[in-house]
Amino acid sequence: MGADLPGGTGLDRRAVAWGLVGVVITMAVTFVGSDRLVWFDAALIGYLYGVIFMVFGVIYRYRVWVRRPPTAMLNRRGWEAFRRRLGRNVAAAPRLVASKLVGQTFIRHRSRSRWAAHQLVFWGCILAAAVTFPLTLGLLHFESVGQRGDRYQVFLSRVGTIEFDAESVIGWFMYHALDVAAVLVLAGVFIFLHRRLREPGALATERSGDFLALVGLFAVSVTGLFLTVSSLWLDGRFYAALSTIHALTVILGLMYLPFGKFFHIFQRPANVGVAYYKQANEEGAQAVCRRCGREFAGVQHVADLQVVLAQLGFDYGADGQAGGSGSGSFQDTCPRCRRAQVALAQSARVSGFG
């Protein structure tokens, strides 16, 4: 992560600079969007600190991640493939976004329950973010219409938008949008927990960070619902303590986001570029296996893989030739023949399996 410093240690200065730019922009949006802090809620100052930390962390890590050899290669090739057939790719973009980012159909092909859990958490988090971030930055506020105490108008910064009756369905949703988001997230979390505790395949691939992410989502959702319980059914008792606990869970979640499992939220859009790259390779010239003579991958893909492996310090040269391309690279062998060669090498090492 410290490519700009001797020995590759320490902080990446370019990433730090970009992160600081993001922080400045966030603060400027807060100041301007809240009409010079007129509509900024001082009670949300802790949330704002969490957002600022998250912005810096996300930009820093993304900048470092996108400069790594494999990611940099995919990023460059994805844009090249996109520009090569610009008109067709622009037309296909909505379908790819709907499939890869919104519908996440690639998860449904693996498991319907896993896909349902992802969708519940995804839409719950989208709804929560759509309310929480504008409120925290002072971009969203409500004003009563005239002298009526039951009718309000939604303002985005200084721009008035829809009006609603406080006792209508829209009004109920406005007041309870975060509760709806919490219920969606909790439903997804319970499905995830059921899979991870009951299915052998999920248990075999379990990592500590997976449970930490689910615990974080659970804590934020439950403490948020407790605030509504206190307001509606407990006459506000324990509200101060519950709001502090909820704020702590949210702030810690925001600070965890750039460094934990949730960072894939910001990596996922790159899948669209990967789809363009894969399509370009499928339509282009195909590499032929040096062992069996079958086509197995795009020529461009194989060449890019050889370049990236060399940058990472891996030597897959074959026939006594280090690195390189053509017949001297192990990457010019199809996966089926690679498995066969590994088996033959192991057999030779132990003087046969018979």
# chains A, B, ... in the order shown; residues from 1 in each chain; ligands from 1
>>> residues_around(residues="A:Arg158", least_positions_apart="5", cutoff="12 Å", atoms="only C-alpha atoms", output="mmCIF file with C-alpha atoms, in the first residue's frame")
data_model
loop_
_atom_site.group_PDB
_atom_site.id
_atom_site.type_symbol
_atom_site.label_atom_id
_atom_site.label_comp_id
_atom_site.auth_asym_id
_atom_site.auth_seq_id
_atom_site.Cartn_x
_atom_site.Cartn_y
_atom_site.Cartn_z
ATOM 1 C CA VAL A 32 -23.345 24.506 1.079
ATOM 2 C CA GLY A 33 -26.099 21.894 1.023
ATOM 3 C CA SER A 34 -27.275 22.744 4.541
ATOM 4 C CA ASP A 35 -27.535 26.431 3.595
ATOM 5 C CA ARG A 36 -24.379 27.349 5.519
ATOM 6 C CA LEU A 37 -25.263 24.935 8.357
ATOM 7 C CA VAL A 38 -28.736 26.410 8.892
ATOM 8 C CA TRP A 39 -30.306 22.960 8.382
ATOM 9 C CA GLY A 138 -27.877 18.585 6.116
ATOM 10 C CA LEU A 139 -29.130 18.059 2.571
ATOM 11 C CA LEU A 140 -32.545 16.764 3.634
ATOM 12 C CA HIS A 141 -35.069 18.432 5.925
ATOM 13 C CA PHE A 142 -38.824 18.815 6.337
ATOM 14 C CA GLU A 143 -40.905 21.971 6.695
ATOM 15 C CA GLN A 153 -42.835 19.319 2.417
#
>>> residues_around(residues="stretch 247-257 of chain A", least_positions_apart="4", cutoff="6 Å", atoms="only C-alpha atoms", output="list in words")
Tyr47, Gly50, Met54, Val220, Ser243, Phe262 and Phe263 of chain A
>>> write_last_selection(atoms="C-alpha atoms", output="CSV table (one decimal), in the first residue's frame")
chain,number,residue,atom,x,y,z
A,47,TYR,CA,-22.4,10.6,12.3
A,50,GLY,CA,-18.1,8.7,10.8
A,54,MET,CA,-15.5,6.5,5.8
A,220,VAL,CA,-27.3,-1.2,13.7
A,243,SER,CA,-29.8,6.7,20.7
A,262,PHE,CA,-18.3,-4.3,3.0
A,263,PHE,CA,-15.6,-2.7,0.9
>>> residues_around(residues="stretch 296-299 of chain A", least_positions_apart="6", cutoff="6 Å", atoms="only C-alpha atoms", output="PDB file with N, CA and C atoms, in the first residue's frame")
ATOM      1  N   ASN A 281     -12.793 -10.646 -25.293  1.00  0.00           N
ATOM      2  CA  ASN A 281     -11.941 -11.823 -25.438  1.00  0.00           C
ATOM      3  C   ASN A 281     -12.665 -12.976 -26.106  1.00  0.00           C
ATOM      4  N   ALA A 285      -9.437 -13.178 -31.126  1.00  0.00           N
ATOM      5  CA  ALA A 285      -8.640 -14.374 -31.437  1.00  0.00           C
ATOM      6  C   ALA A 285      -8.477 -15.228 -30.190  1.00  0.00           C
ATOM      7  N   GLN A 286      -8.483 -16.560 -30.366  1.00  0.00           N
ATOM      8  CA  GLN A 286      -8.399 -17.490 -29.253  1.00  0.00           C
ATOM      9  C   GLN A 286      -7.022 -18.141 -29.174  1.00  0.00           C
ATOM     10  N   ALA A 287      -6.540 -18.284 -27.950  1.00  0.00           N
ATOM     11  CA  ALA A 287      -5.258 -18.950 -27.726  1.00  0.00           C
ATOM     12  C   ALA A 287      -5.436 -20.463 -27.854  1.00  0.00           C
ATOM     13  N   CYS A 334      -3.913 -25.193 -21.565  1.00  0.00           N
ATOM     14  CA  CYS A 334      -5.306 -25.111 -21.127  1.00  0.00           C
ATOM     15  C   CYS A 334      -5.446 -25.699 -19.725  1.00  0.00           C
TER      16      CYS A 334
END
>>> select_by_dssp(residues="stretch 91-165 of chain A", states="helix (DSSP H, G or I)", output="ChimeraX atom specification")
/A:91-103,105-108,112-136
>>> select_by_dssp(residues="stretch 122-343 of chain A", states="strand (DSSP E)", output="PyMOL selection string")
chain A and resi 140-144+151-156+159-165+286-288+295-298
>>> closest_residue(among="A:Val55, A:Leu86, A:Leu217, A:Ile170", to="A:Ala128", atoms="only C-alpha atoms")
A:Leu217
>>> closest_residue(among="A:Ala280, A:Ala275, A:Met73, A:Gln341", to="A:Ala93", atoms="only C-alpha atoms")
A:Ala275
>>> residues_around(residues="A:His118", least_positions_apart="3", cutoff="12 Å", atoms="only C-alpha atoms", output="PyMOL selection string")
chain A and resi 101-108+111-115+121-126+184-192+214+265
>>> decode(residues="stretch 67-81 of chain A", atoms="N, CA and C atoms", output="CSV table (one decimal), in the first residue's frame")
chain,number,residue,atom,x,y,z
A,67,ARG,N,-4.7,0.4,-8.3
A,67,ARG,CA,-3.3,0.5,-8.8
A,67,ARG,C,-2.6,-0.8,-8.7
A,68,ARG,N,-3.1,-1.8,-8.1
A,68,ARG,CA,-2.5,-3.1,-8.0
A,68,ARG,C,-2.5,-3.7,-9.4
A,69,PRO,N,-1.4,-4.5,-9.8
A,69,PRO,CA,-1.3,-5.0,-11.2
A,69,PRO,C,-2.5,-5.7,-11.7
A,70,PRO,N,-3.1,-6.7,-11.0
A,70,PRO,CA,-4.3,-7.3,-11.6
A,70,PRO,C,-5.5,-6.3,-11.9
A,71,THR,N,-5.8,-5.5,-10.9
A,71,THR,CA,-6.9,-4.6,-11.0
A,71,THR,C,-6.6,-3.5,-12.0
A,72,ALA,N,-5.3,-3.0,-12.1
A,72,ALA,CA,-5.0,-2.0,-13.0
A,72,ALA,C,-5.1,-2.5,-14.5
A,73,MET,N,-4.7,-3.8,-14.7
A,73,MET,CA,-4.9,-4.4,-16.0
A,73,MET,C,-6.3,-4.5,-16.4
A,74,LEU,N,-7.2,-5.1,-15.5
A,74,LEU,CA,-8.6,-5.2,-15.8
A,74,LEU,C,-9.3,-3.9,-16.0
A,75,ASN,N,-8.9,-2.9,-15.2
A,75,ASN,CA,-9.4,-1.5,-15.4
A,75,ASN,C,-9.1,-1.0,-16.7
A,76,ARG,N,-7.8,-1.1,-17.1
A,76,ARG,CA,-7.4,-0.6,-18.4
A,76,ARG,C,-8.1,-1.3,-19.6
A,77,ARG,N,-8.1,-2.6,-19.5
A,77,ARG,CA,-8.7,-3.4,-20.6
A,77,ARG,C,-10.2,-3.2,-20.7
A,78,GLY,N,-10.8,-3.1,-19.5
A,78,GLY,CA,-12.3,-2.8,-19.5
A,78,GLY,C,-12.7,-1.6,-20.2
A,79,TRP,N,-11.9,-0.5,-19.9
A,79,TRP,CA,-12.2,0.8,-20.6
A,79,TRP,C,-11.9,0.7,-22.1
A,80,GLU,N,-10.8,0.0,-22.4
A,80,GLU,CA,-10.4,-0.2,-23.9
A,80,GLU,C,-11.6,-0.9,-24.6
A,81,ALA,N,-12.1,-2.0,-24.0
A,81,ALA,CA,-13.1,-2.8,-24.6
A,81,ALA,C,-14.4,-2.0,-24.7
